[in-house]
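Visitor: Next comes the structure file run_8.pdb, holding PDB, C-alpha atoms.
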ATOM      1  CA  MET A   1     107.468 -11.498 114.074
ATOM      2  CA  ASN A   2     103.689 -11.693 114.557
ATOM      3  CA  ASN A   3     101.425  -9.107 112.933
ATOM      4  CA  PRO A   4     101.704  -6.148 115.331
ATOM      5  CA  ASN A   5      99.308  -3.263 115.726
ATOM      6  CA  ILE A   6     101.207  -0.151 114.584
ATOM      7  CA  LYS A   7     100.029   3.293 115.617
ATOM      8  CA  LEU A   8     101.612   6.508 114.324
ATOM      9  CA  ALA A   9     101.399   9.648 116.443
ATOM     10  CA  LYS A  10      99.458  12.514 114.824
ATOM     11  CA  PHE A  11     102.156  15.006 115.782
ATOM     12  CA  ALA A  12     105.053  13.217 114.089
ATOM     13  CA  GLY A  13     107.397  14.718 111.512
ATOM     14  CA  PHE A  14     107.849  18.256 110.220
ATOM     15  CA  CYS A  15     106.602  21.102 112.397
ATOM     16  CA  TYR A  16     105.500  24.291 110.640
ATOM     17  CA  GLY A  17     108.836  26.077 111.249
ATOM     18  CA  VAL A  18     110.818  23.277 109.602
ATOM     19  CA  LYS A  19     108.302  22.905 106.745
ATOM     20  CA  ARG A  20     108.499  26.646 106.126
ATOM     21  CA  ALA A  21     112.321  26.617 106.104
ATOM     22  CA  VAL A  22     112.630  23.670 103.690
ATOM     23  CA  GLU A  23     109.908  24.880 101.308
ATOM     24  CA  THR A  24     111.275  28.450 101.260
ATOM     25  CA  ALA A  25     114.832  27.259 100.518
ATOM     26  CA  ILE A  26     113.585  25.172  97.563
ATOM     27  CA  LYS A  27     111.425  28.074  96.287
ATOM     28  CA  LEU A  28     114.423  30.440  96.493
ATOM     29  CA  LYS A  29     116.469  28.146  94.260
ATOM     30  CA  LYS A  30     113.633  27.815  91.737
ATOM     31  CA  GLU A  31     113.234  31.593  91.597
ATOM     32  CA  ASN A  32     117.023  32.190  91.410
ATOM     33  CA  PRO A  33     118.372  29.271  89.341
ATOM     34  CA  ASN A  34     121.587  31.098  88.418
ATOM     35  CA  LYS A  35     122.394  32.429  91.897
ATOM     36  CA  ASN A  36     124.504  30.676  94.510
ATOM     37  CA  ILE A  37     122.254  29.588  97.381
ATOM     38  CA  TYR A  38     124.028  28.719 100.627
ATOM     39  CA  ILE A  39     122.790  27.714 104.062
ATOM     40  CA  LEU A  40     125.089  28.551 106.962
ATOM     41  CA  GLY A  41     124.973  25.373 109.048
ATOM     42  CA  GLU A  42     122.410  22.613 108.599
ATOM     43  CA  LEU A  43     118.993  24.089 107.770
ATOM     44  CA  ILE A  44     117.418  21.393 109.961
ATOM     45  CA  HIS A  45     118.941  18.433 111.783
ATOM     46  CA  ASN A  46     118.330  15.761 109.161
ATOM     47  CA  THR A  47     121.021  14.347 106.879
ATOM     48  CA  ASP A  48     118.559  13.093 104.247
ATOM     49  CA  VAL A  49     117.034  16.554 103.874
ATOM     50  CA  ILE A  50     120.478  18.220 103.699
ATOM     51  CA  ASN A  51     121.490  15.766 100.934
ATOM     52  CA  GLU A  52     118.256  16.427  99.008
ATOM     53  CA  LEU A  53     118.832  20.195  99.188
ATOM     54  CA  ASP A  54     122.424  19.679  98.023
ATOM     55  CA  LYS A  55     121.166  17.798  94.928
ATOM     56  CA  LEU A  56     118.962  20.795  94.124
ATOM     57  CA  GLY A  57     122.023  23.059  94.277
ATOM     58  CA  ILE A  58     121.347  24.457  97.749
ATOM     59  CA  LYS A  59     124.703  24.088  99.465
ATOM     60  CA  THR A  60     125.275  23.748 103.199
ATOM     61  CA  ILE A  61     128.399  25.578 104.379
ATOM     62  CA  TYR A  62     129.883  25.461 107.870
ATOM     63  CA  GLU A  63     132.211  28.433 107.559
ATOM     64  CA  LEU A  64     131.448  31.773 105.994
ATOM     65  CA  PRO A  65     133.870  32.859 103.265
ATOM     66  CA  SER A  66     135.262  36.385 103.676
ATOM     67  CA  LYS A  67     133.893  37.251 100.219
ATOM     68  CA  GLY A  68     131.025  35.704  98.341
ATOM     69  CA  GLU A  69     127.974  36.355  96.211
ATOM     70  CA  GLY A  70     124.449  35.052  96.038
ATOM     71  CA  ILE A  71     122.036  34.250  98.848
ATOM     72  CA  CYS A  72     122.980  33.009 102.298
ATOM     73  CA  ILE A  73     120.192  31.489 104.371
ATOM     74  CA  VAL A  74     120.086  31.738 108.156
ATOM     75  CA  ARG A  75     118.743  28.382 109.309
ATOM     76  CA  SER A  76     115.678  27.590 111.407
ATOM     77  CA  HIS A  77     117.694  27.638 114.681
ATOM     78  CA  GLY A  78     118.609  31.283 114.148
ATOM     79  CA  ALA A  79     122.017  32.948 114.338
ATOM     80  CA  THR A  80     123.789  35.527 116.482
ATOM     81  CA  PRO A  81     123.546  39.243 115.501
ATOM     82  CA  GLN A  82     127.297  39.078 114.776
ATOM     83  CA  VAL A  83     126.762  36.293 112.217
ATOM     84  CA  PHE A  84     124.080  38.348 110.426
ATOM     85  CA  GLU A  85     126.630  41.167 110.132
ATOM     86  CA  GLN A  86     129.327  38.812 108.843
ATOM     87  CA  ILE A  87     126.995  37.453 106.136
ATOM     88  CA  LYS A  88     126.174  40.994 104.929
ATOM     89  CA  ASN A  89     129.823  42.094 105.092
ATOM     90  CA  ALA A  90     130.876  39.096 103.007
ATOM     91  CA  GLY A  91     128.608  40.364 100.220
ATOM     92  CA  PHE A  92     125.688  37.946 100.498
ATOM     93  CA  GLU A  93     121.998  38.723 100.442
ATOM     94  CA  VAL A  94     120.607  37.440 103.772
ATOM     95  CA  VAL A  95     117.427  35.353 103.876
ATOM     96  CA  ASP A  96     116.388  34.762 107.479
ATOM     97  CA  LEU A  97     114.578  31.440 107.950
ATOM     98  CA  THR A  98     114.766  31.442 111.752
ATOM     99  CA  CYS A  99     111.682  29.665 113.102
ATOM    100  CA  PRO A 100     109.111  32.288 114.278
ATOM    101  CA  ASP A 101     108.918  30.512 117.666
ATOM    102  CA  VAL A 102     112.700  30.858 118.083
ATOM    103  CA  LYS A 103     112.445  34.562 117.162
ATOM    104  CA  LYS A 104     109.904  34.981 119.996
ATOM    105  CA  VAL A 105     112.372  33.496 122.518
ATOM    106  CA  GLN A 106     115.095  35.860 121.303
ATOM    107  CA  GLN A 107     112.715  38.811 121.749
ATOM    108  CA  ARG A 108     111.702  37.693 125.261
ATOM    109  CA  ALA A 109     115.371  37.307 126.255
ATOM    110  CA  ILE A 110     116.140  40.795 124.908
ATOM    111  CA  GLU A 111     113.171  42.307 126.822
ATOM    112  CA  LEU A 112     114.327  40.696 130.065
ATOM    113  CA  ALA A 113     117.927  41.830 129.561
ATOM    114  CA  LYS A 114     116.817  45.405 128.765
ATOM    115  CA  ASN A 115     114.647  45.482 131.904
ATOM    116  CA  ASP A 116     117.541  44.514 134.184
ATOM    117  CA  TYR A 117     116.524  40.921 134.834
ATOM    118  CA  PHE A 118     119.183  38.294 135.521
ATOM    119  CA  VAL A 119     118.430  36.136 132.446
ATOM    120  CA  VAL A 120     118.392  32.334 132.735
ATOM    121  CA  ILE A 121     118.063  30.425 129.466
ATOM    122  CA  VAL A 122     116.994  26.810 130.023
ATOM    123  CA  GLY A 123     118.730  24.911 127.232
ATOM    124  CA  LYS A 124     121.897  23.291 125.949
ATOM    125  CA  PRO A 125     124.717  25.873 125.815
ATOM    126  CA  ASN A 126     126.284  24.506 122.605
ATOM    127  CA  HIS A 127     122.994  24.217 120.680
ATOM    128  CA  PRO A 128     122.799  26.770 117.811
ATOM    129  CA  GLU A 129     119.342  27.994 118.878
ATOM    130  CA  VAL A 130     120.530  28.675 122.443
ATOM    131  CA  MET A 131     123.763  30.329 121.277
ATOM    132  CA  ALA A 132     121.686  32.753 119.178
ATOM    133  CA  ILE A 133     119.250  33.484 122.049
ATOM    134  CA  LYS A 134     122.137  34.172 124.440
ATOM    135  CA  ALA A 135     124.011  36.359 121.950
ATOM    136  CA  ASN A 136     120.909  38.531 121.501
ATOM    137  CA  ALA A 137     120.443  38.959 125.266
ATOM    138  CA  ASP A 138     124.199  39.564 125.738
ATOM    139  CA  LEU A 139     123.890  42.785 123.713
ATOM    140  CA  TYR A 140     121.870  44.313 126.561
ATOM    141  CA  SER A 141     123.188  42.640 129.721
ATOM    142  CA  ASN A 142     126.197  40.856 131.169
ATOM    143  CA  LYS A 143     123.939  38.788 133.424
ATOM    144  CA  VAL A 144     122.856  35.990 131.056
ATOM    145  CA  VAL A 145     123.440  32.300 131.820
ATOM    146  CA  VAL A 146     122.468  28.992 130.215
ATOM    147  CA  ALA A 147     121.599  25.823 132.153
ATOM    148  CA  THR A 148     119.554  22.636 131.847
ATOM    149  CA  THR A 149     120.211  21.353 135.365
ATOM    150  CA  ILE A 150     120.386  22.779 138.891
ATOM    151  CA  GLU A 151     124.063  21.716 139.025
ATOM    152  CA  GLU A 152     124.816  23.955 136.029
ATOM    153  CA  LEU A 153     122.990  26.855 137.665
ATOM    154  CA  GLU A 154     124.473  26.529 141.171
ATOM    155  CA  PRO A 155     127.754  28.387 140.397
ATOM    156  CA  PHE A 156     125.623  31.506 139.701
ATOM    157  CA  SER A 157     123.464  31.198 142.831
ATOM    158  CA  SER A 158     125.110  34.034 144.788
ATOM    159  CA  ALA A 159     124.852  36.387 141.776
ATOM    160  CA  ILE A 160     121.180  35.428 141.381
ATOM    161  CA  LYS A 161     120.493  35.964 145.104
ATOM    162  CA  SER A 162     122.026  39.432 145.050
ATOM    163  CA  HIS A 163     120.033  40.413 141.946
ATOM    164  CA  ARG A 164     116.448  41.393 142.655
ATOM    165  CA  LYS A 165     114.795  40.014 139.511
ATOM    166  CA  VAL A 166     115.322  36.806 137.540
ATOM    167  CA  GLY A 167     113.764  36.154 134.122
ATOM    168  CA  VAL A 168     113.548  32.710 132.514
ATOM    169  CA  VAL A 169     113.187  31.680 128.863
ATOM    170  CA  VAL A 170     113.459  28.170 127.406
ATOM    171  CA  GLN A 171     114.941  26.584 124.305
ATOM    172  CA  THR A 172     111.882  25.790 122.141
ATOM    173  CA  THR A 173     112.587  22.045 122.081
ATOM    174  CA  GLN A 174     113.375  21.568 125.776
ATOM    175  CA  MET A 175     111.588  19.206 128.147
ATOM    176  CA  VAL A 176     109.014  20.698 130.508
ATOM    177  CA  SER A 177     110.621  18.688 133.338
ATOM    178  CA  SER A 178     113.930  20.586 132.877
ATOM    179  CA  LEU A 179     112.096  23.922 133.037
ATOM    180  CA  ASN A 180     110.201  22.886 136.173
ATOM    181  CA  LEU A 181     113.393  21.808 137.984
ATOM    182  CA  ILE A 182     115.149  25.099 137.213
ATOM    183  CA  VAL A 183     112.113  27.216 138.174
ATOM    184  CA  ASN A 184     111.610  25.338 141.471
ATOM    185  CA  TYR A 185     115.275  25.934 142.328
ATOM    186  CA  LEU A 186     115.127  29.633 141.375
ATOM    187  CA  ASN A 187     112.053  30.103 143.563
ATOM    188  CA  THR A 188     114.155  29.100 146.580
ATOM    189  CA  ILE A 189     116.984  31.587 145.908
ATOM    190  CA  ALA A 190     115.521  34.531 143.970
ATOM    191  CA  LYS A 191     113.305  37.367 145.217
ATOM    192  CA  GLU A 192     111.277  37.654 142.023
ATOM    193  CA  VAL A 193     111.054  35.148 139.142
ATOM    194  CA  LEU A 194     109.396  35.941 135.813
ATOM    195  CA  ILE A 195     108.952  32.852 133.623
ATOM    196  CA  TYR A 196     108.293  32.729 129.909
ATOM    197  CA  ASN A 197     107.544  29.126 128.981
ATOM    198  CA  THR A 198     108.797  29.398 125.408
ATOM    199  CA  ILE A 199     108.723  25.673 124.645
ATOM    200  CA  CYS A 200     106.937  25.707 121.289
ATOM    201  CA  GLN A 201     103.434  24.327 121.086
ATOM    202  CA  SER A 202     104.469  21.716 118.533
ATOM    203  CA  THR A 203     107.114  20.325 120.936
ATOM    204  CA  ALA A 204     104.754  20.342 123.921
ATOM    205  CA  MET A 205     101.951  18.616 121.983
ATOM    206  CA  ARG A 206     104.354  16.079 120.452
ATOM    207  CA  GLN A 207     105.736  15.133 123.899
ATOM    208  CA  LYS A 208     102.275  14.922 125.488
ATOM    209  CA  GLU A 209     100.823  12.778 122.701
ATOM    210  CA  ALA A 210     103.855  10.469 122.564
ATOM    211  CA  LYS A 211     103.564   9.814 126.327
ATOM    212  CA  GLU A 212      99.882   8.872 125.891
ATOM    213  CA  LEU A 213     100.762   6.570 122.992
ATOM    214  CA  ALA A 214     103.539   4.950 125.066
ATOM    215  CA  LYS A 215     100.997   3.912 127.722
ATOM    216  CA  GLU A 216      99.308   1.594 125.241
ATOM    217  CA  SER A 217     102.459   0.414 123.434
ATOM    218  CA  ASP A 218     104.855  -2.458 124.183
ATOM    219  CA  LEU A 219     107.501  -0.670 122.127
ATOM    220  CA  MET A 220     107.965   2.944 121.029
ATOM    221  CA  VAL A 221     109.998   3.817 117.948
ATOM    222  CA  VAL A 222     111.302   7.396 117.775
ATOM    223  CA  VAL A 223     112.461   8.396 114.283
ATOM    224  CA  GLY A 224     114.842  11.291 113.713
ATOM    225  CA  SER A 225     118.360  12.633 113.841
ATOM    226  CA  LYS A 226     120.529  11.994 116.907
ATOM    227  CA  LYS A 227     121.610  15.657 116.537
ATOM    228  CA  SER A 228     118.019  16.888 116.840
ATOM    229  CA  ALA A 229     117.272  18.190 120.352
ATOM    230  CA  ASN A 230     113.513  17.686 120.166
ATOM    231  CA  THR A 231     113.952  14.094 118.899
ATOM    232  CA  THR A 232     116.464  13.059 121.575
ATOM    233  CA  HIS A 233     114.211  14.599 124.247
ATOM    234  CA  LEU A 234     111.278  12.562 122.917
ATOM    235  CA  ALA A 235     113.329   9.381 123.256
ATOM    236  CA  GLU A 236     114.463  10.346 126.795
ATOM    237  CA  ILE A 237     110.882  11.017 127.927
ATOM    238  CA  LEU A 238     109.505   7.793 126.433
ATOM    239  CA  LYS A 239     112.220   5.567 127.916
ATOM    240  CA  ASP A 240     110.629   6.245 131.323
ATOM    241  CA  CYS A 241     107.240   5.083 129.997
ATOM    242  CA  THR A 242     107.943   1.926 127.977
ATOM    243  CA  LYS A 243     110.608   0.115 125.926
ATOM    244  CA  THR A 244     111.892   2.702 123.433
ATOM    245  CA  ILE A 245     114.334   2.813 120.527
ATOM    246  CA  HIS A 246     115.631   5.905 118.721
ATOM    247  CA  ILE A 247     116.566   5.417 115.062
ATOM    248  CA  GLU A 248     117.547   7.904 112.363
ATOM    249  CA  ASN A 249     115.923   5.920 109.546
ATOM    250  CA  ASP A 250     114.789   2.430 108.439
ATOM    251  CA  THR A 251     118.358   1.177 107.848
ATOM    252  CA  GLU A 252     118.876   0.995 111.635
ATOM    253  CA  LEU A 253     115.906  -1.335 112.202
ATOM    254  CA  ASP A 254     118.013  -4.416 111.455
ATOM    255  CA  GLY A 255     119.908  -3.960 114.702
ATOM    256  CA  TYR A 256     116.676  -4.256 116.702
ATOM    257  CA  LYS A 257     115.090  -7.303 115.033
ATOM    258  CA  GLU A 258     114.838  -9.305 118.250
ATOM    259  CA  LEU A 259     113.008  -6.492 120.031
ATOM    260  CA  PHE A 260     110.140  -6.766 117.586
ATOM    261  CA  ASN A 261     109.485 -10.431 118.391
ATOM    262  CA  ASN A 262     106.280 -10.993 120.367
ATOM    263  CA  VAL A 263     105.455  -7.300 120.409
ATOM    264  CA  GLU A 264     101.754  -6.648 119.961
ATOM    265  CA  ASN A 265     101.464  -2.864 120.041
ATOM    266  CA  ILE A 266     104.065  -0.589 118.463
ATOM    267  CA  GLY A 267     103.860   3.194 118.747
ATOM    268  CA  ILE A 268     105.772   5.407 116.322
ATOM    269  CA  THR A 269     106.614   9.070 116.664
ATOM    270  CA  ALA A 270     109.166  11.314 114.987
ATOM    271  CA  GLY A 271     111.054  14.536 115.559
ATOM    272  CA  ALA A 272     110.130  17.896 114.062
ATOM    273  CA  SER A 273     112.863  17.631 111.416
ATOM    274  CA  THR A 274     111.995  14.105 110.209
ATOM    275  CA  PRO A 275     110.496  13.967 106.685
ATOM    276  CA  GLN A 276     107.318  11.930 106.095
ATOM    277  CA  SER A 277     109.140   9.739 103.537
ATOM    278  CA  ILE A 278     111.496   8.432 106.263
ATOM    279  CA  ILE A 279     108.597   7.745 108.665
ATOM    280  CA  ASP A 280     106.759   5.866 105.878
ATOM    281  CA  LYS A 281     109.797   3.658 105.161
ATOM    282  CA  VAL A 282     110.129   2.748 108.842
ATOM    283  CA  ILE A 283     106.454   1.729 109.037
ATOM    284  CA  GLU A 284     106.741  -0.222 105.768
ATOM    285  CA  ASN A 285     109.763  -2.172 107.032
ATOM    286  CA  ILE A 286     108.158  -2.997 110.380
ATOM    287  CA  LYS A 287     104.987  -4.168 108.612
ATOM    288  CA  GLY A 288     107.116  -6.273 106.274
ATOM    289  CA  GLY A 289     108.762  -8.052 109.205
ATOM    290  CA  ILE A 290     111.888  -5.794 108.954
TER     291      ILE A 290
END
Can you give me the file's structure in the form of structure tokens?
Guide:
Amino acid sequence: MNNPNIKLAKFAGFCYGVKRAVETAIKLKKENPNKNIYILGELIHNTDVINELDKLGIKTIYELPSKGEGICIVRSHGATPQVFEQIKNAGFEVVDLTCPDVKKVQQRAIELAKNDYFVVIVGKPNHPEVMAIKANADLYSNKVVVATTIEELEPFSSAIKSHRKVGVVVQTTQMVSSLNLIVNYLNTIAKEVLIYNTICQSTAMRQKEAKELAKESDLMVVVGSKKSANTTHLAEILKDCTKTIHIENDTELDGYKELFNNVENIGITAGASTPQSIIDKVIENIKGGI
């Protein structure tokens, strides 16, 4: 491989919500060394970070025991109101590390539901953030649906048409293009559409910058978990701009050795839950000829 020009995006790696969640979890353990500290579900979508927390004694659990003691952390994606109740009823002290941007979406969805809007959440139905947003809105309305495509929304078209008002919120890590498609469709069938573009600023800036970087790159490398919505969306967006690979960490670079031959300009970006140490290793390996 020749000596390529490597450029790292400024908005790559931990966003403030993720940084806050990880740092707070570590601080909690330091302040409560003798208490059990659990996280219900993965704090962020990154295996390396989950393993590091585990070594510090901060355990990730996927099912809530009926009885327990210590602290149970609600992760950055948020949780349903029912889950908060279950944690308290099991005997845990709850520490809520839901990202503030996600909290804002939940609040918007609740407002819309309370004000008799037909609520459309643009996002992936099985994503923990979206499940929590929907569960909050469901407390106030039975007219709440989730969709990322027009096809997913079409079965509800007659219900939307007969309802006077439609309100839209978006999963914080969604693509602007998905929001635009849904809104354009709703404008053709609904009488009144109120849109809250709740894609977080970090996601929007990361996507915008990565697209600019792709224009001057022969190859884009996206670093981050395959389970991370914002990372997979980055990779999807960039594939339309230039040759793009999505890797979780430096160990996957071996499988792409040939791609790096005769590449002059390499752009690197990373998802909001990717630690700097992983990004650094990827750059180091590329510089070293992989």
Visitor: To test your reading of the syntax: which residues would the PyMOL selection byres ((chain A and resi 40) around 7) return for the file shown? Reply as a ChimeraX atom specification.
Guide: /A:38-39,41-42,60-62,72-75
Visitor: Name all residues at most 8 Å from Ala235 (chain A) (count only C-alpha atoms; drop same-chain ones fewer than 4 positions away) and give them as an MDAnalysis selection string.
Guide: chainID A and resid 222 231 239 244:246
Visitor: For the structure provided, state which residues fall under the PyMOL selection byres ((chain A and resi 276) around 12), and present them as JSON, numbers by chain.
Guide: {"A": [8, 10, 11, 12, 13, 14, 15, 19, 48, 49, 223, 224, 249, 269, 270, 271, 272, 273, 274, 275, 277, 278, 279, 280, 281, 282, 283]}
Visitor: Would you kindly translate the PyMOL selection byres ((chain A and resi 113) around 10) into the concrete residues it picks from this file, as a PyMOL selection string?
Guide: chain A and resi 107-112+114-119+136-144+166-167
Visitor: Rounded to one decimal place, report the CA of Glu248 (chain A)-CA of His45 (chain A) distance in Å.
Guide: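 Calculated distance between CA of Glu248 (chain A) and CA of His45 (chain A) is 10.6 Å.
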Visitor: May I ask for the distance between CA of Gly267 (chain A) and CA of Thr203 (chain A), given in Å to one decimal place?
Guide: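 About the pair CA of Gly267 (chain A) and CA of Thr203 (chain A): they are 17.6 Å apart.
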Visitor: What's around Gly68 (chain A) at 7 Å? Count all atoms listed in the file, leave out sequence neighbours fewer than 4 positions away in its own chain, and write the answer as a list in words.
Guide: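 Returned residues: Ala90, Gly91 and Phe92 of chain A.
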Visitor: CA of Thr98 (chain A) to CA of His77 (chain A): how many Å, to one decimal?
Guide: 5.6 Å
Visitor: Considering all atoms listed in the file, return as a ChimeraX atom specification whatever protein or nucleic-acid residues lie within 10 Å of Gly289 (chain A), sequence-local ones (same chain, fewer than 2 positions apart) excluded.
Guide: /A:1-4,257,260-261,284-287
Visitor: Could you give me, as a PyMOL selection string, the residues within 12 Å of Asn89 (chain A), counting all atoms listed in the file and dropping anything in the same chain fewer than 6 positions from it?
Guide: chain A and resi 64-69+72+82-83
Visitor: Taking into account all atoms listed in the file, which residue in the set A:Ser177, A:Ile268, A:His163, A:Tyr16 is nearest to Gln201 (chain A)?
Guide: A:Tyr16
Visitor: Would you please work out which residue, of A:Leu234, A:Ile58, A:Ala132, A:Leu194, is nearest to Val120 (chain A) when using only C-alpha atoms?
Guide: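 Closest residue, counting only C-alpha atoms: A:Leu194.
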Visitor: Skip region 217-219 of chain A itself and residues of its chain fewer than 4 positions away, then list as a list in words all residues within 7 Å of it, counting all atoms listed in the file.
Guide: Leu213, Thr242, Lys243, Thr244, Val263, Glu264, Asn265, Ile266 and Gly267 of chain A
